[in-house]
>>> print(open('input-v6.cif').read())   # mmCIF, C-alpha atoms and all ligand atoms
data_model
loop_
_atom_site.label_atom_id
_atom_site.label_comp_id
_atom_site.auth_asym_id
_atom_site.auth_seq_id
_atom_site.Cartn_x
_atom_site.Cartn_y
_atom_site.Cartn_z
CA MET B 1 19.52 13.23 4.76
CA ILE B 2 16.93 11.30 2.73
CA ALA B 3 19.69 9.23 1.13
CA ASP B 4 21.10 8.46 4.58
CA ASN B 5 17.66 7.45 5.82
CA ILE B 6 17.21 5.16 2.83
CA ASN B 7 20.55 3.51 3.57
CA ILE B 8 19.53 2.91 7.16
CA VAL B 9 16.14 1.49 6.23
CA SER B 10 17.63 -0.67 3.45
CA GLU B 11 20.20 -2.10 5.84
CA LYS B 12 17.54 -2.93 8.42
CA ILE B 13 15.41 -4.65 5.79
CA ALA B 14 18.38 -6.63 4.47
CA GLU B 15 19.41 -7.64 7.98
CA ARG B 16 15.91 -8.77 8.92
CA CYS B 17 15.58 -10.77 5.69
CA ASP B 18 18.94 -12.36 6.39
CA ASN B 19 17.95 -13.29 9.93
CA ILE B 20 14.83 -15.13 8.89
CA GLY B 21 15.98 -16.48 5.52
CA ARG B 22 13.80 -14.36 3.26
CA LYS B 23 14.98 -13.08 -0.10
CA LEU B 24 15.39 -9.33 -0.35
CA SER B 25 13.98 -9.53 -3.87
CA GLU B 26 10.59 -10.57 -2.48
CA ILE B 27 10.14 -7.18 -0.86
CA THR B 28 9.16 -3.87 -2.47
CA VAL B 29 9.65 -0.64 -0.59
CA VAL B 30 7.04 2.01 -1.28
CA ALA B 31 8.34 5.38 -0.12
CA VAL B 32 5.31 7.16 1.26
CA SER B 33 5.83 10.70 0.01
CA LYS B 34 2.51 12.22 1.13
CA THR B 35 2.84 15.85 2.27
CA ASN B 36 6.47 15.88 1.07
CA PRO B 37 7.56 18.06 -1.87
CA LEU B 38 8.77 16.89 -5.28
CA SER B 39 12.33 17.73 -4.25
CA ALA B 40 12.13 15.00 -1.59
CA ILE B 41 10.86 12.50 -4.17
CA ARG B 42 13.71 13.43 -6.52
CA GLU B 43 16.20 12.89 -3.73
CA ALA B 44 14.76 9.46 -2.90
CA PHE B 45 14.71 8.56 -6.59
CA SER B 46 18.38 9.51 -6.91
CA ALA B 47 19.09 7.22 -3.97
CA GLY B 48 17.50 4.35 -5.89
CA LEU B 49 13.82 4.24 -4.93
CA THR B 50 11.22 4.03 -7.70
CA ASN B 51 7.98 3.27 -5.86
CA PHE B 52 6.15 6.16 -4.18
CA GLY B 53 2.93 6.19 -2.16
CA GLU B 54 0.32 8.89 -1.78
CA ASN B 55 -2.92 8.89 0.20
CA LYS B 56 -4.73 11.84 -1.37
CA ALA B 57 -6.05 11.50 -4.91
CA GLN B 58 -5.43 15.07 -6.08
CA GLU B 59 -1.99 15.13 -4.51
CA LEU B 60 -1.01 12.01 -6.45
CA ARG B 61 -2.42 13.46 -9.66
CA ASP B 62 -0.61 16.78 -9.21
CA LYS B 63 2.72 15.26 -8.23
CA ASN B 64 2.54 12.88 -11.16
CA SER B 65 1.88 15.68 -13.62
CA GLU B 66 4.65 17.87 -12.22
CA LEU B 67 7.32 15.21 -11.78
CA GLU B 68 9.63 14.59 -14.73
CA LEU B 69 10.75 11.21 -13.39
CA ASN B 70 9.31 7.86 -14.34
CA VAL B 71 8.18 6.51 -10.97
CA ASN B 72 5.65 3.90 -9.93
CA TRP B 73 2.79 5.48 -7.99
CA HIS B 74 0.91 3.62 -5.30
CA PHE B 75 -2.39 4.91 -4.01
CA ILE B 76 -2.57 3.91 -0.34
CA GLY B 77 -5.31 6.08 1.22
CA HIS B 78 -9.05 5.84 1.46
CA LEU B 79 -10.39 6.31 -2.06
CA GLN B 80 -13.76 7.86 -2.80
CA THR B 81 -15.37 6.66 -6.01
CA ASN B 82 -15.59 10.23 -7.40
CA LYS B 83 -11.80 10.55 -7.14
CA VAL B 84 -10.85 7.36 -8.95
CA LYS B 85 -10.54 9.44 -12.12
CA TYR B 86 -7.54 11.28 -10.63
CA VAL B 87 -5.49 8.20 -9.79
CA ILE B 88 -6.42 5.63 -12.41
CA GLU B 89 -3.93 6.64 -15.07
CA PRO B 90 -0.81 7.10 -12.92
CA SER B 91 -1.33 4.34 -10.32
CA THR B 92 0.71 1.16 -10.58
CA LEU B 93 -1.17 -0.30 -7.64
CA ILE B 94 -4.20 0.83 -5.64
CA HIS B 95 -3.81 -0.64 -2.14
CA SER B 96 -7.08 0.38 -0.55
CA VAL B 97 -10.08 -1.17 -2.28
CA ASP B 98 -12.80 -2.00 0.22
CA SER B 99 -16.12 -2.06 -1.65
CA THR B 100 -17.67 -3.47 -4.82
CA LYS B 101 -18.78 0.06 -5.70
CA LEU B 102 -15.19 1.26 -5.68
CA ALA B 103 -14.02 -1.81 -7.63
CA ASP B 104 -16.73 -1.09 -10.20
CA GLU B 105 -15.62 2.50 -10.67
CA ILE B 106 -11.99 1.44 -11.01
CA ASN B 107 -13.04 -1.13 -13.60
CA THR B 108 -15.04 1.43 -15.58
CA ARG B 109 -12.26 4.04 -15.53
CA ALA B 110 -9.57 1.49 -16.34
CA GLU B 111 -11.57 0.23 -19.30
CA LEU B 112 -11.90 3.79 -20.62
CA ILE B 113 -8.13 4.14 -20.85
CA GLY B 114 -7.47 0.56 -21.91
CA LYS B 115 -5.75 -0.48 -18.73
CA VAL B 116 -5.97 -3.41 -16.35
CA GLN B 117 -5.60 -1.87 -12.89
CA ASN B 118 -3.74 -3.82 -10.24
CA ILE B 119 -5.35 -3.52 -6.84
CA LEU B 120 -5.21 -4.84 -3.28
CA LEU B 121 -8.08 -5.25 -0.84
CA GLU B 122 -7.73 -3.33 2.39
CA VAL B 123 -8.58 -5.42 5.42
CA ASN B 124 -9.20 -4.06 8.90
CA THR B 125 -7.24 -6.57 10.98
CA SER B 126 -7.15 -4.51 14.17
CA GLY B 127 -10.88 -4.10 14.71
CA GLU B 128 -10.35 -0.37 15.32
CA VAL B 129 -13.48 1.50 14.27
CA SER B 130 -11.36 4.36 12.94
CA LYS B 131 -9.80 2.12 10.29
CA PHE B 132 -11.17 1.54 6.83
CA GLY B 133 -11.20 -1.87 5.25
CA LEU B 134 -13.08 -5.11 4.96
CA GLN B 135 -14.05 -6.55 8.32
CA ASN B 136 -13.79 -10.28 7.93
CA GLU B 137 -13.09 -13.27 5.72
CA ALA B 138 -16.65 -13.48 4.41
CA GLU B 139 -16.52 -9.90 3.18
CA VAL B 140 -13.14 -10.49 1.54
CA ILE B 141 -14.38 -13.61 -0.26
CA GLU B 142 -17.54 -11.89 -1.43
CA ILE B 143 -15.72 -8.95 -2.97
CA THR B 144 -12.98 -11.19 -4.38
CA ASP B 145 -15.57 -13.26 -6.23
CA TYR B 146 -17.07 -10.06 -7.56
CA ILE B 147 -13.74 -8.58 -8.67
CA ASN B 148 -12.90 -11.78 -10.51
CA THR B 149 -15.79 -10.98 -12.85
CA LEU B 150 -14.33 -7.55 -13.72
CA LYS B 151 -12.17 -7.48 -16.83
CA ASN B 152 -10.11 -4.38 -16.06
CA VAL B 153 -9.28 -5.02 -12.43
CA ASN B 154 -6.59 -7.44 -11.33
CA LEU B 155 -6.57 -8.39 -7.65
CA LYS B 156 -3.01 -8.99 -6.47
CA GLY B 157 -3.38 -9.37 -2.72
CA LEU B 158 -4.26 -7.80 0.61
CA MET B 159 -3.29 -4.70 2.55
CA THR B 160 -3.62 -3.77 6.20
CA MET B 161 -2.59 -1.19 8.77
CA ALA B 162 -1.66 -2.27 12.28
CA PRO B 163 -2.66 -0.01 15.16
CA TYR B 164 -0.21 2.69 16.19
CA THR B 165 1.01 1.15 19.42
CA ALA B 166 4.17 0.05 21.21
CA ASP B 167 2.56 -3.34 21.83
CA VAL B 168 4.48 -5.58 19.45
CA ASN B 169 2.15 -8.52 20.01
CA GLU B 170 -0.85 -6.50 18.99
CA ILE B 171 0.90 -5.39 15.81
CA ARG B 172 2.09 -8.90 15.01
CA LYS B 173 -1.40 -10.30 15.49
CA CYS B 174 -2.69 -8.03 12.70
CA PHE B 175 0.03 -9.08 10.28
CA VAL B 176 -0.37 -12.77 11.09
CA GLY B 177 -4.11 -12.34 10.60
CA LEU B 178 -3.62 -10.88 7.12
CA ARG B 179 -1.13 -13.58 6.12
CA ASN B 180 -3.39 -16.36 7.38
CA LEU B 181 -6.30 -14.89 5.47
CA LYS B 182 -4.26 -14.75 2.27
CA ASP B 183 -2.97 -18.31 2.77
CA LYS B 184 -6.50 -19.56 3.33
CA LEU B 185 -7.77 -17.85 0.17
CA VAL B 186 -4.88 -19.25 -1.84
CA LYS B 187 -5.64 -22.72 -0.50
CA ILE B 188 -9.22 -22.54 -1.71
CA GLY B 189 -8.09 -21.44 -5.16
CA TYR B 190 -7.78 -17.67 -5.23
CA ASN B 191 -4.69 -16.28 -6.91
CA LEU B 192 -3.24 -13.75 -4.46
CA SER B 193 0.44 -13.03 -4.01
CA ASP B 194 1.00 -9.71 -2.26
CA LEU B 195 0.77 -8.60 1.35
CA SER B 196 1.07 -4.83 1.77
CA MET B 197 1.86 -4.35 5.45
CA GLY B 198 4.49 -2.58 7.51
CA MET B 199 5.14 1.13 8.06
CA THR B 200 7.91 3.09 9.80
CA ASN B 201 6.84 1.87 13.21
CA ASP B 202 6.45 -1.80 12.39
CA TYR B 203 8.06 -2.79 9.09
CA GLU B 204 10.55 -5.17 10.67
CA ILE B 205 7.71 -7.16 12.24
CA ALA B 206 5.89 -7.10 8.91
CA ILE B 207 8.92 -8.59 7.14
CA GLU B 208 8.96 -11.41 9.67
CA GLU B 209 5.29 -12.09 9.02
CA GLY B 210 5.57 -12.28 5.25
CA SER B 211 5.04 -8.77 3.95
CA THR B 212 5.92 -8.27 0.28
CA ILE B 213 5.22 -4.51 0.16
CA LEU B 214 6.40 -2.13 2.87
CA ARG B 215 4.89 1.37 2.98
CA ILE B 216 7.48 3.55 4.67
CA GLY B 217 7.11 7.30 5.09
CA SER B 218 8.72 9.07 8.01
CA ALA B 219 11.72 6.74 8.31
CA ILE B 220 12.66 7.92 4.80
CA PHE B 221 11.43 11.51 4.58
CA GLY B 222 11.48 12.51 8.24
CA GLU B 223 8.53 13.46 10.41
CA ARG B 224 5.63 14.87 8.42
CA ASN B 225 4.61 18.45 8.92
CA TYR B 226 0.88 18.76 8.23
CA LYS B 227 0.77 22.40 9.26
CA GLY B 228 2.03 25.28 7.20
CA LYS B 229 1.61 23.49 3.90
C1 LIG H 1 1.17 7.55 5.93
C2 LIG H 1 0.97 6.11 5.60
C3 LIG H 1 2.04 5.19 5.66
C4 LIG H 1 3.44 5.57 6.08
O1 LIG H 1 3.49 5.92 7.43
P1 LIG H 1 4.88 6.11 8.21
O2 LIG H 1 4.53 5.79 9.62
O3 LIG H 1 5.29 7.51 8.03
O4 LIG H 1 5.85 5.15 7.65
C5 LIG H 1 1.79 3.89 5.29
N1 LIG H 1 0.56 3.47 4.91
C6 LIG H 1 -0.49 4.31 4.86
C7 LIG H 1 -1.80 3.79 4.43
C8 LIG H 1 -0.31 5.64 5.20
O5 LIG H 1 -1.37 6.47 5.15
#
>>> encode(input="input-v6.cif", output="structure tokens", more="lines below")
Ligand SMILES: *Cc1c(COP(=O)(O)O)cnc(C)c1O
Amino acid sequence: MIADNINIVSEKIAERCDNIGRKLSEITVVAVSKTNPLSAIREAFSAGLTNFGENKAQELRDKNSELELNVNWHFIGHLQTNKVKYVIEPSTLIHSVDSTKLADEINTRAELIGKVQNILLEVNTSGEVSKFGLQNEAEVIEITDYINTLKNVNLKGLMTMAPYTADVNEIRKCFVGLRNLKDKLVKIGYNLSDLSMGMTNDYEIAIEEGSTILRIGSAIFGERNYKGK
């Protein structure tokens, strides 16, 4: 079933890229495996996926230590500074940096293990109070300038979550907002390349608006069951 889902998602991504003249190679699919067992990750890996996303620090740590496969882990959830120690070694990319304090802790922990940690800044493009992330351009520029002074943190780009809604225009507005912000920062000299945006509900819109990293969970693994785990 997971392999079938991956085929369906891959075809949709390829078709959308084709329609708008984007290269498939510009897009990375992160399979969001949170709450799903290792067996599901193994199945997705067998079907060709190598990037997996988790939103809980201990869950990422535990899955990494139990999994025999060489996968790329992405930390995509809200990260408390006291939990950086769990994700720093396994994470290929931390998507959700939203404070200088967190960037500092990542820098310290990365230095301890001799690593330069790739990160993204999470931006709240929807204005929803329930969402984490930096609130505006000024905040993004301030933290970007700070991160550029840190030796063991490498800022690769921006991440956002659109609201969960059927209103396509509202979703698109968030993605356009993130892309415009990145383009503006690039124009004034910052070196950012990635846009992490697009989930099960909205990844096709995200592709149209320039996403380079899709974070897809339920379309690959099925509906999550938070109870009884
Ligand atoms: C759970 C989660 C996803 C994946 O959500 P789906 O709707 O299942 O695709 C993507 N990004 C973040 C930050 C998440 O927490």
>>> closest_residue(input="input-v6.cif", among="B:Arg172, B:His74, B:Arg42, B:Lys85", to="ligand LIG 1 (chain H)", atoms="only C-alpha atoms and all ligand atoms")
B:His74
>>> residues_near_point(input="input-v6.cif", point="(-17.1, 0.2, -4.3)", cutoff="12 Å", atoms="all atoms listed in the file", output="list in words")
His78, Leu79, Gln80, Thr81, Asn82, Lys83, Val84, Ser96, Val97, Asp98, Ser99, Thr100, Lys101, Leu102, Ala103, Asp104, Glu105, Ile106, Asn107, Thr108, Leu121, Gly133, Leu134, Ile143, Tyr146 and Ile147 of chain B
>>> atom_distance(input="input-v6.cif", atom1="CA of Leu195 in chain B", atom2="CA of Gly210 in chain B")
7.2 Å
>>> atom_distance(input="input-v6.cif", atom1="CA of Ser218 in chain B", atom2="atom P1 of ligand LIG 1 (chain H)")
4.9 Å
>>> residues_near_ligand(input="input-v6.cif", ligand="ligand LIG 1 (chain H)", cutoff="7 Å", atoms="all atoms listed in the file", output="CSV table (one decimal) with C-alpha atoms, in the frame of the given file")
chain,number,residue,atom,x,y,z
B,32,VAL,CA,5.3,7.2,1.3
B,34,LYS,CA,2.5,12.2,1.1
B,55,ASN,CA,-2.9,8.9,0.2
B,76,ILE,CA,-2.6,3.9,-0.3
B,77,GLY,CA,-5.3,6.1,1.2
B,161,MET,CA,-2.6,-1.2,8.8
B,199,MET,CA,5.1,1.1,8.1
B,200,THR,CA,7.9,3.1,9.8
B,201,ASN,CA,6.8,1.9,13.2
B,215,ARG,CA,4.9,1.4,3.0
B,216,ILE,CA,7.5,3.6,4.7
B,217,GLY,CA,7.1,7.3,5.1
B,218,SER,CA,8.7,9.1,8.0
B,219,ALA,CA,11.7,6.7,8.3
>>> closest_residue(input="input-v6.cif", among="B:Thr125, B:Ser10, B:Thr35, B:Ser211", to="Glu54 in chain B", atoms="all atoms listed in the file")
B:Thr35
>>> atom_distance(input="input-v6.cif", atom1="CA of Glu142 in chain B", atom2="CA of Val30 in chain B")
28.2 Å
>>> axis_aligned_box(input="input-v6.cif", around="range 128-132 of chain B", padding_each_side="6 Å", output="AutoDock Vina command-line options")
--center_x -11.6 --center_y 2.0 --center_z 11.1 --size_x 15.7 --size_y 16.7 --size_z 20.5
>>> closest_residue(input="input-v6.cif", among="B:Asp145, B:Arg179, B:Ile213, B:Glu208", to="Arg22 in chain B", atoms="only C-alpha atoms")
B:Glu208
>>> closest_residue(input="input-v6.cif", among="B:Ala31, B:Ile41, B:Ile88, B:Val123", to="Glu68 in chain B", atoms="only C-alpha atoms")
B:Ile41
>>> closest_residue(input="input-v6.cif", among="B:Ala44, B:Ala206, B:Val153, B:Leu192", to="Gly177 in chain B", atoms="all atoms listed in the file")
B:Ala206
>>> closest_residue(input="input-v6.cif", among="B:Val129, B:Ala40, B:Val168, B:Leu93", to="Asn154 in chain B", atoms="only C-alpha atoms")
B:Leu93
>>> residues_around(input="input-v6.cif", residues="Asn118 in chain B", least_positions_apart="2", cutoff="10 Å", atoms="only C-alpha atoms", output="PDB file with C-alpha atoms, keeping the file's coordinate frame")
ATOM      1  CA  SER B  91      -1.330   4.340 -10.320  1.00  0.00           C
ATOM      2  CA  THR B  92       0.710   1.160 -10.580  1.00  0.00           C
ATOM      3  CA  LEU B  93      -1.170  -0.300  -7.640  1.00  0.00           C
ATOM      4  CA  ILE B  94      -4.200   0.830  -5.640  1.00  0.00           C
ATOM      5  CA  HIS B  95      -3.810  -0.640  -2.140  1.00  0.00           C
ATOM      6  CA  ILE B 106     -11.990   1.440 -11.010  1.00  0.00           C
ATOM      7  CA  ALA B 110      -9.570   1.490 -16.340  1.00  0.00           C
ATOM      8  CA  LYS B 115      -5.750  -0.480 -18.730  1.00  0.00           C
ATOM      9  CA  VAL B 116      -5.970  -3.410 -16.350  1.00  0.00           C
ATOM     10  CA  LEU B 120      -5.210  -4.840  -3.280  1.00  0.00           C
ATOM     11  CA  ASN B 152     -10.110  -4.380 -16.060  1.00  0.00           C
ATOM     12  CA  VAL B 153      -9.280  -5.020 -12.430  1.00  0.00           C
ATOM     13  CA  ASN B 154      -6.590  -7.440 -11.330  1.00  0.00           C
ATOM     14  CA  LEU B 155      -6.570  -8.390  -7.650  1.00  0.00           C
ATOM     15  CA  LYS B 156      -3.010  -8.990  -6.470  1.00  0.00           C
ATOM     16  CA  GLY B 157      -3.380  -9.370  -2.720  1.00  0.00           C
TER      17      GLY B 157
END
>>> residues_around(input="input-v6.cif", residues="Asn5 in chain B", least_positions_apart="4", cutoff="9 Å", atoms="all atoms listed in the file", output="VMD selection string")
chain B and resid 1 9 to 10 219 to 222
>>> residues_around(input="input-v6.cif", residues="Ile171 in chain B", least_positions_apart="5", cutoff="9 Å", atoms="only C-alpha atoms", output="JSON, numbers by chain")
{"B": [126, 161, 162, 163, 164, 165, 166, 176, 202, 205, 206]}
>>> write_last_selection(input="input-v6.cif", atoms="C-alpha atoms", output="compact mmCIF listing (two decimals), in the coordinates of the input")
# COMPACT_ATOMS: atom_id res chain seq x y z
CA SER B 126 -7.15 -4.51 14.17
CA MET B 161 -2.59 -1.19 8.77
CA ALA B 162 -1.66 -2.27 12.28
CA PRO B 163 -2.66 -0.01 15.16
CA TYR B 164 -0.21 2.69 16.19
CA THR B 165 1.01 1.15 19.42
CA ALA B 166 4.17 0.05 21.21
CA VAL B 176 -0.37 -12.77 11.09
CA ASP B 202 6.45 -1.80 12.39
CA ILE B 205 7.71 -7.16 12.24
CA ALA B 206 5.89 -7.10 8.91
>>> build_atoms(input="input-v6.cif", residues="range 47-72 of chain B", atoms="N, CA, C and O atoms", output="mmCIF file, keeping the file's coordinate frame")
data_model
loop_
_atom_site.group_PDB
_atom_site.id
_atom_site.type_symbol
_atom_site.label_atom_id
_atom_site.label_comp_id
_atom_site.auth_asym_id
_atom_site.auth_seq_id
_atom_site.Cartn_x
_atom_site.Cartn_y
_atom_site.Cartn_z
ATOM 1 N N ALA B 47 18.497 8.225 -4.876
ATOM 2 C CA ALA B 47 19.090 7.220 -3.970
ATOM 3 C C ALA B 47 18.617 5.808 -4.322
ATOM 4 O O ALA B 47 18.949 4.858 -3.622
ATOM 5 N N GLY B 48 17.826 5.676 -5.384
ATOM 6 C CA GLY B 48 17.500 4.350 -5.890
ATOM 7 C C GLY B 48 16.069 3.885 -5.735
ATOM 8 O O GLY B 48 15.716 2.797 -6.186
ATOM 9 N N LEU B 49 15.209 4.679 -5.101
ATOM 10 C CA LEU B 49 13.820 4.240 -4.930
ATOM 11 C C LEU B 49 12.972 4.628 -6.145
ATOM 12 O O LEU B 49 13.156 5.708 -6.722
ATOM 13 N N THR B 50 12.059 3.749 -6.534
ATOM 14 C CA THR B 50 11.220 4.030 -7.700
ATOM 15 C C THR B 50 9.731 3.927 -7.404
ATOM 16 O O THR B 50 8.908 4.289 -8.235
ATOM 17 N N ASN B 51 9.390 3.416 -6.228
ATOM 18 C CA ASN B 51 7.980 3.270 -5.860
ATOM 19 C C ASN B 51 7.600 4.304 -4.805
ATOM 20 O O ASN B 51 8.240 4.378 -3.747
ATOM 21 N N PHE B 52 6.546 5.091 -5.097
ATOM 22 C CA PHE B 52 6.150 6.160 -4.180
ATOM 23 C C PHE B 52 4.655 6.055 -3.872
ATOM 24 O O PHE B 52 3.852 5.733 -4.741
ATOM 25 N N GLY B 53 4.321 6.335 -2.615
ATOM 26 C CA GLY B 53 2.930 6.190 -2.160
ATOM 27 C C GLY B 53 2.322 7.508 -1.748
ATOM 28 O O GLY B 53 2.950 8.317 -1.076
ATOM 29 N N GLU B 54 1.074 7.697 -2.167
ATOM 30 C CA GLU B 54 0.320 8.890 -1.780
ATOM 31 C C GLU B 54 -1.048 8.456 -1.263
ATOM 32 O O GLU B 54 -1.596 7.445 -1.712
ATOM 33 N N ASN B 55 -1.611 9.259 -0.362
ATOM 34 C CA ASN B 55 -2.920 8.890 0.200
ATOM 35 C C ASN B 55 -4.031 9.878 -0.131
ATOM 36 O O ASN B 55 -5.144 9.718 0.333
ATOM 37 N N LYS B 56 -3.699 10.891 -0.930
ATOM 38 C CA LYS B 56 -4.730 11.840 -1.370
ATOM 39 C C LYS B 56 -4.747 11.850 -2.894
ATOM 40 O O LYS B 56 -3.701 12.053 -3.534
ATOM 41 N N ALA B 57 -5.941 11.689 -3.469
ATOM 42 C CA ALA B 57 -6.050 11.500 -4.910
ATOM 43 C C ALA B 57 -5.495 12.690 -5.706
ATOM 44 O O ALA B 57 -4.707 12.514 -6.633
ATOM 45 N N GLN B 58 -5.905 13.901 -5.311
ATOM 46 C CA GLN B 58 -5.430 15.070 -6.080
ATOM 47 C C GLN B 58 -3.936 15.283 -5.917
ATOM 48 O O GLN B 58 -3.266 15.738 -6.850
ATOM 49 N N GLU B 59 -3.427 14.965 -4.737
ATOM 50 C CA GLU B 59 -1.990 15.130 -4.510
ATOM 51 C C GLU B 59 -1.194 14.173 -5.407
ATOM 52 O O GLU B 59 -0.187 14.562 -6.008
ATOM 53 N N LEU B 60 -1.687 12.956 -5.545
ATOM 54 C CA LEU B 60 -1.010 12.010 -6.450
ATOM 55 C C LEU B 60 -1.066 12.517 -7.883
ATOM 56 O O LEU B 60 -0.055 12.549 -8.588
ATOM 57 N N ARG B 61 -2.260 12.946 -8.287
ATOM 58 C CA ARG B 61 -2.420 13.460 -9.660
ATOM 59 C C ARG B 61 -1.465 14.629 -9.931
ATOM 60 O O ARG B 61 -0.761 14.661 -10.947
ATOM 61 N N ASP B 62 -1.427 15.580 -9.000
ATOM 62 C CA ASP B 62 -0.610 16.780 -9.210
ATOM 63 C C ASP B 62 0.882 16.446 -9.215
ATOM 64 O O ASP B 62 1.633 16.942 -10.066
ATOM 65 N N LYS B 63 1.295 15.614 -8.267
ATOM 66 C CA LYS B 63 2.720 15.260 -8.230
ATOM 67 C C LYS B 63 3.116 14.508 -9.496
ATOM 68 O O LYS B 63 4.176 14.741 -10.064
ATOM 69 N N ASN B 64 2.236 13.622 -9.949
ATOM 70 C CA ASN B 64 2.540 12.880 -11.160
ATOM 71 C C ASN B 64 2.681 13.808 -12.365
ATOM 72 O O ASN B 64 3.584 13.629 -13.191
ATOM 73 N N SER B 65 1.820 14.812 -12.439
ATOM 74 C CA SER B 65 1.880 15.680 -13.620
ATOM 75 C C SER B 65 3.077 16.640 -13.557
ATOM 76 O O SER B 65 3.563 17.095 -14.581
ATOM 77 N N GLU B 66 3.535 16.934 -12.349
ATOM 78 C CA GLU B 66 4.650 17.870 -12.220
ATOM 79 C C GLU B 66 6.019 17.191 -12.218
ATOM 80 O O GLU B 66 7.043 17.835 -12.460
ATOM 81 N N LEU B 67 6.036 15.903 -11.918
ATOM 82 C CA LEU B 67 7.320 15.210 -11.780
ATOM 83 C C LEU B 67 7.810 14.712 -13.143
ATOM 84 O O LEU B 67 7.053 14.102 -13.895
ATOM 85 N N GLU B 68 9.062 14.976 -13.442
ATOM 86 C CA GLU B 68 9.630 14.590 -14.730
ATOM 87 C C GLU B 68 10.178 13.164 -14.703
ATOM 88 O O GLU B 68 10.580 12.627 -15.724
ATOM 89 N N LEU B 69 10.168 12.547 -13.521
ATOM 90 C CA LEU B 69 10.750 11.210 -13.390
ATOM 91 C C LEU B 69 9.712 10.130 -13.652
ATOM 92 O O LEU B 69 8.525 10.326 -13.428
ATOM 93 N N ASN B 70 10.194 8.978 -14.091
ATOM 94 C CA ASN B 70 9.310 7.860 -14.340
ATOM 95 C C ASN B 70 9.245 6.969 -13.097
ATOM 96 O O ASN B 70 10.046 6.060 -12.932
ATOM 97 N N VAL B 71 8.291 7.281 -12.214
ATOM 98 C CA VAL B 71 8.180 6.510 -10.970
ATOM 99 C C VAL B 71 6.915 5.662 -10.981
ATOM 100 O O VAL B 71 6.016 5.883 -11.790
ATOM 101 N N ASN B 72 6.865 4.687 -10.102
ATOM 102 C CA ASN B 72 5.650 3.900 -9.930
ATOM 103 C C ASN B 72 4.847 4.485 -8.761
ATOM 104 O O ASN B 72 5.341 4.526 -7.630
#
